[in-house]
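A.B. asks: One file is attached below, query05.tsv, containing TSV, C-alpha atoms.
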```tsv
chain	number	residue	atom	x	y	z
P	218	PRO	CA	-42.05	-17.80	30.76
P	219	PRO	CA	-40.66	-14.38	31.75
P	220	ARG	CA	-37.39	-13.56	30.06
P	221	SER	CA	-35.59	-13.25	33.41
P	222	THR	CA	-36.03	-17.03	33.84
P	223	LEU	CA	-34.59	-17.78	30.41
P	224	PHE	CA	-31.35	-15.81	30.39
P	225	PRO	CA	-29.25	-14.02	33.03
P	226	TYR	CA	-29.72	-10.27	32.81
P	227	THR	CA	-26.09	-9.62	32.01
P	228	THR	CA	-26.26	-12.09	29.11
P	229	LEU	CA	-29.60	-11.04	27.61
P	230	PHE	CA	-29.12	-7.29	28.03
P	231	ARG	CA	-25.94	-6.38	26.21
P	232	SER	CA	-26.53	-2.65	26.47
P	233	LEU	CA	-25.97	-0.81	29.73
P	234	GLU	CA	-29.24	1.04	29.23
P	235	LEU	CA	-31.20	-2.19	29.55
P	236	VAL	CA	-29.07	-3.44	32.41
P	237	ALA	CA	-29.75	-0.20	34.28
P	238	GLU	CA	-33.49	-0.58	33.69
P	239	ALA	CA	-33.31	-4.09	35.12
P	240	VAL	CA	-31.46	-2.77	38.19
P	241	ALA	CA	-34.16	-0.16	38.80
P	242	ARG	CA	-37.00	-2.62	38.37
P	243	ASP	CA	-35.65	-5.72	40.13
P	244	GLY	CA	-32.65	-4.56	42.19
P	245	VAL	CA	-28.92	-5.13	41.92
P	246	GLU	CA	-29.09	-8.54	43.58
P	247	VAL	CA	-31.26	-9.85	40.74
P	248	ALA	CA	-29.94	-7.85	37.79
P	249	LEU	CA	-26.23	-8.00	38.61
P	250	LYS	CA	-25.73	-11.41	40.16
P	251	ASP	CA	-22.12	-11.76	39.04
P	252	VAL	CA	-21.02	-8.19	39.69
P	253	PRO	CA	-19.27	-7.09	42.92
P	254	ILE	CA	-21.68	-5.04	45.03
P	255	GLY	CA	-20.82	-2.82	47.97
P	256	SER	CA	-23.62	-2.82	50.52
P	257	PHE	CA	-23.21	-0.55	53.53
P	258	GLY	CA	-26.50	-0.46	55.38
P	259	LYS	CA	-28.91	1.42	53.12
P	260	PHE	CA	-26.14	2.62	50.81
P	261	VAL	CA	-25.46	0.35	47.82
P	262	THR	CA	-22.88	0.91	45.10
P	263	VAL	CA	-21.31	-1.02	42.23
P	264	ASP	CA	-18.61	1.57	41.56
P	265	ARG	CA	-15.24	-0.04	42.29
P	266	GLY	CA	-13.69	3.16	43.63
P	267	GLU	CA	-16.58	3.78	46.00
P	268	ILE	CA	-16.58	0.16	47.19
P	269	GLU	CA	-12.86	0.23	47.97
P	270	GLY	CA	-13.07	3.65	49.62
P	271	PHE	CA	-16.01	2.79	51.85
P	272	ARG	CA	-14.57	-0.58	52.82
P	273	SER	CA	-11.33	1.15	53.78
P	274	ILE	CA	-12.97	3.75	56.01
P	275	ARG	CA	-15.27	1.12	57.54
P	276	THR	CA	-12.17	-0.87	58.55
P	277	LEU	CA	-10.57	2.29	59.95
P	278	MET	CA	-13.67	3.03	62.03
P	279	ARG	CA	-13.83	-0.49	63.47
P	280	GLU	CA	-10.14	-0.52	64.38
P	281	TYR	CA	-10.37	2.96	65.88
P	282	ASN	CA	-13.41	2.04	67.98
P	283	SER	CA	-11.71	-1.07	69.38
P	284	GLU	CA	-8.62	0.72	70.71
P	285	PRO	CA	-7.89	3.68	73.04
P	286	ALA	CA	-7.22	6.84	71.03
P	287	PRO	CA	-5.96	10.26	72.19
P	288	ARG	CA	-7.19	12.11	69.10
P	289	PRO	CA	-10.05	11.98	66.57
P	290	LEU	CA	-10.06	9.71	63.54
P	291	ASN	CA	-9.95	12.06	60.53
P	292	ILE	CA	-11.64	11.00	57.30
P	293	ALA	CA	-12.65	12.99	54.20
P	294	VAL	CA	-15.39	12.44	51.66
P	295	PHE	CA	-15.47	14.23	48.32
P	296	GLY	CA	-17.89	14.40	45.42
P	297	PRO	CA	-19.94	16.80	43.30
P	298	PRO	CA	-22.81	18.74	44.92
P	299	GLY	CA	-25.77	16.46	45.57
P	300	ALA	CA	-23.72	13.26	45.22
P	301	GLY	CA	-25.01	11.91	48.53
P	302	LYS	CA	-21.78	12.33	50.51
P	303	SER	CA	-23.40	12.65	53.94
P	304	PHE	CA	-25.89	9.84	53.27
P	305	GLY	CA	-23.17	7.47	52.13
P	306	VAL	CA	-20.75	8.05	54.98
P	307	LYS	CA	-23.49	7.95	57.63
P	308	ALA	CA	-24.68	4.62	56.22
P	309	VAL	CA	-21.13	3.28	56.44
P	310	VAL	CA	-20.64	4.24	60.09
P	311	LYS	CA	-23.96	2.62	61.00
P	312	SER	CA	-22.86	-0.55	59.23
P	313	ALA	CA	-19.48	-0.48	60.98
P	314	LEU	CA	-20.42	0.37	64.56
P	315	ASP	CA	-23.22	-0.25	67.04
P	316	ALA	CA	-25.72	2.54	66.40
P	317	ASN	CA	-26.50	2.70	70.12
P	318	LEU	CA	-22.91	3.68	70.89
P	319	ILE	CA	-22.58	6.60	68.46
P	320	GLU	CA	-24.21	10.01	68.19
P	321	ASP	CA	-24.34	12.05	64.99
P	322	LEU	CA	-23.45	15.72	64.84
P	323	THR	CA	-23.43	17.83	61.68
P	324	PHE	CA	-21.98	21.30	61.28
P	325	ASN	CA	-21.93	23.31	58.06
P	326	LEU	CA	-18.88	25.53	58.13
P	327	SER	CA	-20.13	27.74	55.30
P	328	GLN	CA	-22.81	28.95	57.73
P	329	MET	CA	-20.36	29.82	60.52
P	330	ARG	CA	-19.03	33.36	60.75
P	331	ASP	CA	-15.94	33.10	62.96
P	332	PRO	CA	-13.76	30.58	64.85
P	333	SER	CA	-15.67	31.10	68.10
P	334	GLU	CA	-18.59	29.21	66.53
P	335	LEU	CA	-16.22	26.35	65.74
P	336	ALA	CA	-15.18	26.29	69.41
P	337	ASP	CA	-18.86	26.06	70.39
P	338	ALA	CA	-19.28	23.13	68.02
P	339	LEU	CA	-16.24	21.36	69.49
P	340	HIS	CA	-17.72	21.79	72.97
P	341	GLN	CA	-20.81	19.95	71.72
P	342	VAL	CA	-18.51	17.17	70.50
P	343	ARG	CA	-16.89	16.96	73.96
P	344	ASP	CA	-20.32	16.81	75.60
P	345	VAL	CA	-21.27	13.77	73.53
P	346	GLY	CA	-18.09	12.00	74.63
P	347	LEU	CA	-18.73	12.87	78.26
P	348	ARG	CA	-22.15	11.22	77.95
P	349	GLY	CA	-20.39	7.98	77.02
P	350	LYS	CA	-21.14	8.07	73.29
P	351	LEU	CA	-18.72	8.12	70.37
P	352	PRO	CA	-19.24	11.42	68.48
P	353	PHE	CA	-19.57	10.98	64.73
P	354	VAL	CA	-19.07	14.51	63.43
P	355	LEU	CA	-19.73	15.61	59.85
P	356	TRP	CA	-17.95	18.86	59.04
P	357	ASP	CA	-19.81	19.87	55.89
P	358	GLU	CA	-18.17	22.24	53.38
P	359	PHE	CA	-15.00	22.28	55.43
P	360	ASP	CA	-13.10	23.78	52.48
P	361	SER	CA	-15.30	26.88	52.29
P	362	ARG	CA	-14.13	30.44	52.89
P	363	LEU	CA	-13.76	32.07	56.30
P	364	GLY	CA	-14.56	35.69	55.67
P	365	ASP	CA	-12.20	36.84	52.92
P	366	GLU	CA	-9.80	33.93	53.41
P	367	SER	CA	-9.91	30.98	51.00
P	368	PHE	CA	-9.81	27.63	52.80
P	369	GLY	CA	-9.87	29.69	55.99
P	370	TRP	CA	-11.16	26.95	58.27
P	371	LEU	CA	-8.35	24.48	57.60
P	372	ARG	CA	-5.77	25.89	60.01
P	373	HIS	CA	-8.31	25.91	62.84
P	374	PHE	CA	-8.63	22.12	62.56
P	375	LEU	CA	-4.92	21.31	62.69
P	376	ALA	CA	-4.65	21.13	66.49
P	377	PRO	CA	-7.94	19.24	67.03
P	378	MET	CA	-6.96	16.71	64.34
P	379	GLN	CA	-3.37	16.22	65.48
P	380	ASP	CA	-3.49	16.80	69.25
P	381	GLY	CA	-7.09	15.99	70.06
P	382	ALA	CA	-7.60	19.37	71.75
P	383	PHE	CA	-8.59	22.95	70.96
P	384	GLN	CA	-7.67	26.28	72.50
P	385	GLN	CA	-10.27	28.74	73.78
P	386	GLY	CA	-8.78	31.73	75.48
P	387	GLN	CA	-6.08	30.48	77.84
P	388	ILE	CA	-7.70	27.07	78.30
P	389	LEU	CA	-6.84	23.94	76.31
P	390	HIS	CA	-9.85	21.63	76.00
P	391	PRO	CA	-9.30	17.94	75.21
P	392	ILE	CA	-11.80	16.56	72.71
P	393	GLY	CA	-11.56	12.88	73.49
P	394	LYS	CA	-12.39	10.08	71.12
P	395	ALA	CA	-14.38	11.10	68.02
P	396	ILE	CA	-14.76	10.39	64.32
P	397	PHE	CA	-14.34	13.51	62.20
P	398	VAL	CA	-15.65	13.31	58.63
P	399	PHE	CA	-14.83	16.28	56.41
P	400	ALA	CA	-17.20	16.65	53.45
P	401	GLY	CA	-15.79	18.78	50.65
P	402	GLY	CA	-17.78	21.52	49.00
P	403	THR	CA	-15.34	22.83	46.39
P	404	SER	CA	-13.39	19.75	45.26
P	405	VAL	CA	-14.91	16.59	43.80
P	406	ARG	CA	-11.89	14.37	44.54
P	407	LEU	CA	-9.21	14.20	47.22
P	408	ALA	CA	-6.60	14.45	44.46
P	409	ASP	CA	-8.07	17.81	43.40
P	410	PHE	CA	-8.04	19.09	46.97
P	411	ALA	CA	-4.64	17.81	48.10
P	412	GLY	CA	-3.05	18.64	44.75
P	413	ASN	CA	-4.01	22.31	44.92
P	414	LYS	CA	-0.86	24.32	44.11
P	415	THR	CA	-2.22	27.80	44.74
P	416	ASP	CA	-0.68	30.19	47.25
P	417	ASP	CA	-4.06	30.48	48.99
P	418	PHE	CA	-4.09	26.76	49.71
P	419	ARG	CA	-0.50	26.72	50.91
P	420	LEU	CA	-0.96	29.76	53.18
P	421	ALA	CA	-4.13	28.21	54.62
P	422	LYS	CA	-2.08	25.16	55.69
P	423	GLY	CA	-3.88	22.97	53.17
P	424	PRO	CA	-1.00	20.47	52.78
P	425	ASP	CA	-0.77	20.11	56.59
P	426	PHE	CA	-4.50	19.48	56.78
P	427	ALA	CA	-4.40	16.85	54.02
P	428	SER	CA	-1.51	15.04	55.75
P	429	ARG	CA	-3.68	14.52	58.86
P	430	LEU	CA	-6.39	12.62	56.97
P	431	LYS	CA	-6.27	8.87	57.64
P	432	GLY	CA	-8.74	7.82	54.95
P	433	HIS	CA	-11.04	9.15	52.27
P	434	VAL	CA	-13.65	8.20	49.69
P	435	ASP	CA	-14.57	9.93	46.42
P	436	ILE	CA	-18.30	9.64	45.66
P	437	VAL	CA	-19.22	9.86	42.01
P	438	GLY	CA	-22.87	10.94	42.06
P	439	PRO	CA	-25.62	10.41	39.46
P	440	ASP	CA	-24.02	12.26	36.55
P	441	PRO	CA	-21.17	11.04	34.31
P	442	ARG	CA	-17.67	11.79	35.56
P	443	GLY	CA	-16.46	14.99	33.92
P	444	GLY	CA	-19.78	15.31	32.12
P	445	ASP	CA	-18.69	12.68	29.58
P	446	PRO	CA	-21.23	9.82	29.24
P	447	GLU	CA	-19.02	7.94	26.77
P	448	ALA	CA	-16.09	7.87	29.20
P	449	ASP	CA	-18.37	6.93	32.11
P	450	PRO	CA	-21.32	4.91	30.76
P	451	TYR	CA	-22.00	3.34	34.17
P	452	TYR	CA	-23.72	6.48	35.43
P	453	ARG	CA	-27.03	4.91	34.34
P	454	ILE	CA	-26.55	2.08	36.81
P	455	ARG	CA	-25.73	4.53	39.61
P	456	ARG	CA	-28.93	6.39	38.80
P	457	ALA	CA	-30.93	3.17	38.77
P	458	ILE	CA	-29.69	2.26	42.25
P	459	LEU	CA	-30.49	5.76	43.55
P	460	LEU	CA	-33.96	5.85	42.02
P	461	ARG	CA	-34.88	2.41	43.33
P	462	SER	CA	-33.65	3.18	46.85
P	463	MET	CA	-35.58	6.46	46.95
P	464	LEU	CA	-38.80	4.86	45.76
P	465	LEU	CA	-38.45	1.90	48.15
P	466	ARG	CA	-38.03	4.36	51.00
P	467	ASP	CA	-40.74	6.88	50.07
P	468	ARG	CA	-43.16	5.08	47.72
P	469	PRO	CA	-43.25	1.37	48.61
P	470	GLY	CA	-46.70	1.07	47.04
P	471	LEU	CA	-45.05	1.19	43.60
P	472	PHE	CA	-43.52	-2.25	44.15
P	473	GLU	CA	-45.03	-5.66	43.50
P	474	ARG	CA	-43.62	-8.14	45.99
P	475	ASN	CA	-42.92	-11.81	45.35
P	476	GLY	CA	-41.22	-13.22	48.40
P	477	LYS	CA	-38.00	-11.26	48.94
P	478	ILE	CA	-38.12	-9.74	45.45
P	479	ALA	CA	-39.75	-6.33	45.01
P	480	ARG	CA	-40.40	-5.33	41.39
P	481	LEU	CA	-40.86	-1.66	40.57
P	482	THR	CA	-43.89	-0.91	38.41
P	483	ILE	CA	-43.02	2.11	36.30
P	484	ASP	CA	-43.73	3.36	32.80
P	485	SER	CA	-40.79	2.45	30.57
P	486	GLY	CA	-40.49	5.95	29.15
P	487	VAL	CA	-40.41	7.52	32.62
P	488	LEU	CA	-37.72	5.09	33.74
P	489	ARG	CA	-35.60	5.73	30.64
P	490	ALA	CA	-35.83	9.49	31.19
P	491	PHE	CA	-34.61	9.17	34.79
P	492	LEU	CA	-31.69	7.04	33.63
P	493	GLU	CA	-30.69	8.79	30.41
P	494	VAL	CA	-31.34	12.53	30.84
P	495	GLY	CA	-28.13	14.49	30.30
P	496	SER	CA	-27.65	15.78	33.84
P	497	TYR	CA	-29.34	16.57	37.14
P	498	LYS	CA	-28.78	20.22	38.01
P	499	HIS	CA	-28.44	19.56	41.74
P	500	GLY	CA	-27.21	15.98	41.69
P	501	ALA	CA	-29.11	13.35	43.65
P	502	ARG	CA	-31.16	16.09	45.33
P	503	SER	CA	-32.74	16.90	41.96
P	504	LEU	CA	-33.63	13.27	41.32
P	505	GLU	CA	-35.15	13.07	44.80
P	506	THR	CA	-37.14	16.29	44.28
P	507	ILE	CA	-38.61	15.08	40.99
P	508	VAL	CA	-39.82	11.95	42.76
P	509	ALA	CA	-41.16	13.97	45.71
P	510	THR	CA	-43.12	16.36	43.47
P	511	SER	CA	-44.65	13.60	41.34
P	512	THR	CA	-48.28	12.86	42.19
P	513	LEU	CA	-47.69	9.32	43.46
P	514	HIS	CA	-49.84	9.25	46.58
P	515	GLY	CA	-52.00	6.12	46.48
P	516	LYS	CA	-50.57	5.07	43.10
P	517	SER	CA	-49.40	1.53	42.34
P	518	ARG	CA	-47.53	2.49	39.15
P	519	TYR	CA	-45.28	5.42	38.21
P	520	GLU	CA	-47.06	6.77	35.12
P	521	ARG	CA	-46.20	9.64	32.80
P	522	SER	CA	-49.23	11.54	34.05
P	523	THR	CA	-47.80	11.61	37.58
P	524	LEU	CA	-44.66	13.57	36.61
P	525	PRO	CA	-44.33	17.19	37.79
P	526	ALA	CA	-45.22	20.08	35.49
P	527	ALA	CA	-42.59	21.15	32.97
P	528	ASP	CA	-41.59	24.29	34.89
P	529	GLN	CA	-40.99	22.20	38.01
P	530	LEU	CA	-38.98	19.66	36.04
P	531	ASP	CA	-36.92	22.39	34.45
P	532	ALA	CA	-35.54	23.43	37.85
P	533	HIS	CA	-33.80	20.06	38.11
P	534	VAL	CA	-33.26	18.77	34.56
P	535	ASP	CA	-33.68	19.97	31.00
P	536	ALA	CA	-37.44	19.45	30.92
P	537	ALA	CA	-37.67	19.34	27.11
P	538	GLU	CA	-34.95	16.69	26.91
P	539	PHE	CA	-36.50	14.70	29.77
P	540	MET	CA	-39.97	14.61	28.18
P	541	LYS	CA	-38.51	13.79	24.75
P	542	ILE	CA	-36.97	10.67	26.26
P	543	VAL	CA	-40.26	9.84	27.98
P	544	GLU	CA	-42.13	9.99	24.67
P	545	ARG	CA	-39.50	8.11	22.64
P	546	TYR	CA	-40.76	4.80	21.28
P	547	VAL	CA	-38.76	1.71	22.22
P	548	PRO	CA	-39.97	-1.82	21.45
P	549	GLU	CA	-40.95	-3.87	24.50
P	550	GLY	CA	-42.47	-7.17	25.51
P	551	GLU	CA	-43.06	-9.78	22.79
P	552	LEU	CA	-41.64	-7.55	20.05
P	553	LEU	CA	-38.44	-7.06	22.04
P	554	GLU	CA	-38.21	-10.83	22.55
P	555	ARG	CA	-38.52	-11.41	18.79
P	556	LEU	CA	-35.84	-8.81	18.05
P	557	ALA	CA	-33.53	-10.33	20.67
P	558	GLU	CA	-34.07	-13.81	19.22
P	559	ALA	CA	-33.37	-12.55	15.70
P	560	ASP	CA	-30.21	-10.85	16.97
P	561	ARG	CA	-28.98	-14.05	18.61
P	562	LYS	CA	-29.59	-16.04	15.44
P	563	SER	CA	-27.77	-13.46	13.32
P	564	VAL	CA	-24.75	-13.67	15.64
P	565	VAL	CA	-24.74	-17.48	15.45
```
Produce C-alpha cells that represent the structure in this file.
C.D. replies:
Amino acid sequence: PPRSTLFPYTTLFRSLELVAEAVARDGVEVALKDVPIGSFGKFVTVDRGEIEGFRSIRTLMREYNSEPAPRPLNIAVFGPPGAGKSFGVKAVVKSALDANLIEDLTFNLSQMRDPSELADALHQVRDVGLRGKLPFVLWDEFDSRLGDESFGWLRHFLAPMQDGAFQQGQILHPIGKAIFVFAGGTSVRLADFAGNKTDDFRLAKGPDFASRLKGHVDIVGPDPRGGDPEADPYYRIRRAILLRSMLLRDRPGLFERNGKIARLTIDSGVLRAFLEVGSYKHGARSLETIVATSTLHGKSRYERSTLPAADQLDAHVDAAEFMKIVERYVPEGELLERLAEADRKSVV
C-alpha cells in the first residue's frame, strides 16, 4: 500500500524538506492534517503570524462593513518585494465580504508625480461609493518618495484617513465609506516602518500616519526571514504552498485527481530545487515566472526537460545552484521505504 496510508505525513517525514514535498504534491489538507491552517479564499498559509494578522483584518473588515462609518478603515500590509502582499489582502477581503458589494481600486504611488494625481485617485474612490459599492483601495508603495522628499506621500493621507475627506483647492470633498490598504515598498514589517527614528520620517508625519492604522499584517514571502534558513526552516513549506497554488491555477493538467484529492505529478529533483534553492531574486514573482516560462503546455508531468534555459533561470534564481539541486540524487520509492524502516528499527 502507498506509504501515505501507513503513517501520517508528519510522523513518517521527520524532516521539513520531505514535509514540504508532501505539501506540494498532495496539499496542506492531506500533508498537514494536525497543523493550524489559515485559508482565506485562494490564499492559504500555515505561518502563525500571517494567520493571526489576516484573521484580525478580516474581523475588522466585517465589523466595519456592518456599521455606519464616517471615515475609511485604514489597514497596512508589509513584506519583502514579491511576497504576494496584494494577492493575500485581496483574497482576505473577498473571503470577508460579499464580492458583489465591493469594487477594487489599485494605485501605485511610486508612479504618481504630485499630490494632484492623488486627488484624482480619491475622486475615483468617491465615485465608487456613489455607485453604491464599497471601495477597496490598495495604495501600493505608499512609503515611496514624493519628488525629493522621503516618505513624502504620508502627510497627504492624514486628513483622508482621520477625517474621511480631502481638500482640493477651496473645496473639501468627503470620501465616504472605504477600505484603505497601504502596501509597503520599503519596509518588510510594520515594526520597521513605525519604529523609524530618522528625521525624514518624523518630518514626513510618519508617526501620525502609523497611529491612524487600525490593523496590519506582515507577509513573510518565499525566502527565509532575514536570509537565514536555519532560523526560519519553514520557508520550504511556504514555497510548497505557493508552487502548488500557482500550478493548480495555471497548469491543472499536471494533477492526477482522485475524488477531492489532486496529486501533483512532478520530477522529484525539480520539486526539490523549487523548495530548496537559496533565494528567489524577485520573491514569489520569480517563482511564478519560472513556472510560466517552463514548457508545460499539454504536459501531464513537470519534467526536468521542461525547465527554462539557464540564462532565463538565472534572472530569477542562481541557475547553477538550482540545477545542482535538480541533479542531486536522493533515494525514493522502495529504497526510501527500506531506509525509513531501518531508521525506525534503529530508534526502537
A.B. asks: Between P:Trp356, P:Phe491, P:Phe374, P:Phe304, which one has atoms that come closest to Tyr519 of chain P, using only C-alpha atoms?
C.D. replies: P:Phe491
A.B. asks: Closest to Ser333 of chain P among P:Gln385, P:Gln529, P:Ser522, P:Ser462, using all atoms listed in the file?
C.D. replies: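 For Ser333 of chain P, the nearest of the candidates is P:Gln385.
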A.B. asks: So which one's closest to Ala241 of chain P, P:Val294, P:Met278, P:Leu524, P:Ile454? Using only C-alpha atoms, please.
C.D. replies: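 So, comparing all the options, the nearest one is P:Ile454.
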A.B. asks: Expressed in Å to a single decimal, how great is the separation between atom CA of Ala376 of chain P and atom CA of Val342 of chain P?
C.D. replies: 15.0 Å
A.B. asks: With only C-alpha atoms counted and 9 Å as the cut-off, give the residues of segment 264-292 of chain P in contact with segment 251-260 of chain P, each with its shortest interatomic distance in Å and the pair that gives it, as a tab-separated table.
C.D. replies:
```
residue	atom	partner	partner_atom	distance
P:Asp264	CA	P:Ile254	CA	8.1
P:Arg265	CA	P:Pro253	CA	8.1
P:Glu267	CA	P:Gly255	CA	8.1
P:Ile268	CA	P:Gly255	CA	5.2
P:Glu269	CA	P:Gly255	CA	8.5
P:Phe271	CA	P:Phe257	CA	8.1
P:Arg272	CA	P:Gly255	CA	8.2
```
A.B. asks: Looking at P:Thr403, P:Ser303, P:Gln384, P:Asn317, which one is nearest to Arg362 of chain P, with distances taken over only C-alpha atoms?
C.D. replies: P:Thr403
A.B. asks: Which value, in Å to one decimal, gives the distance between atom CA of Val263 of chain P and atom CA of Lys477 of chain P?
C.D. replies: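 Spanning atom CA of Val263 of chain P to atom CA of Lys477 of chain P is a straight-line distance of 20.7 Å.
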A.B. asks: Which distance in Å separates atom CA of Glu246 of chain P and atom CA of Ser232 of chain P, to one decimal?
C.D. replies: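 One can read the atom CA of Glu246 of chain P to atom CA of Ser232 of chain P distance as 18.3 Å.
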A.B. asks: Which residue out of P:Leu322, P:Ile458, P:Val398, P:Ala308 has the minimum interatomic distance to Lys431 of chain P when all atoms listed in the file are used?
C.D. replies: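 Answer, going by the shortest atom-to-atom distance: P:Val398.
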A.B. asks: Might you pull out every residue within 12 Å of Leu326 of chain P, with all atoms listed in the file counted and same-chain residues fewer than 4 positions away left off, and present them as a PyMOL selection string?
C.D. replies: chain P and resi 330-336+338+355-364+368-371+373-374+399-402
A.B. asks: So which residues touch Arg406 of chain P within 12 Å, counting all atoms listed in the file, skipping near sequence neighbours fewer than 2 positions away, as a PyMOL selection string?
C.D. replies: chain P and resi 266-267+270+293-298+300+302+400-404+408-413+433-438+442-443
A.B. asks: Extract, using all atoms listed in the file, all DNA, RNA and protein residues at most 9 Å from Leu459 of chain P, discarding same-chain residues fewer than 4 positions from it, and format them as a PyMOL selection string.
C.D. replies: chain P and resi 241+261+439+454-455+463-464+501+504-505
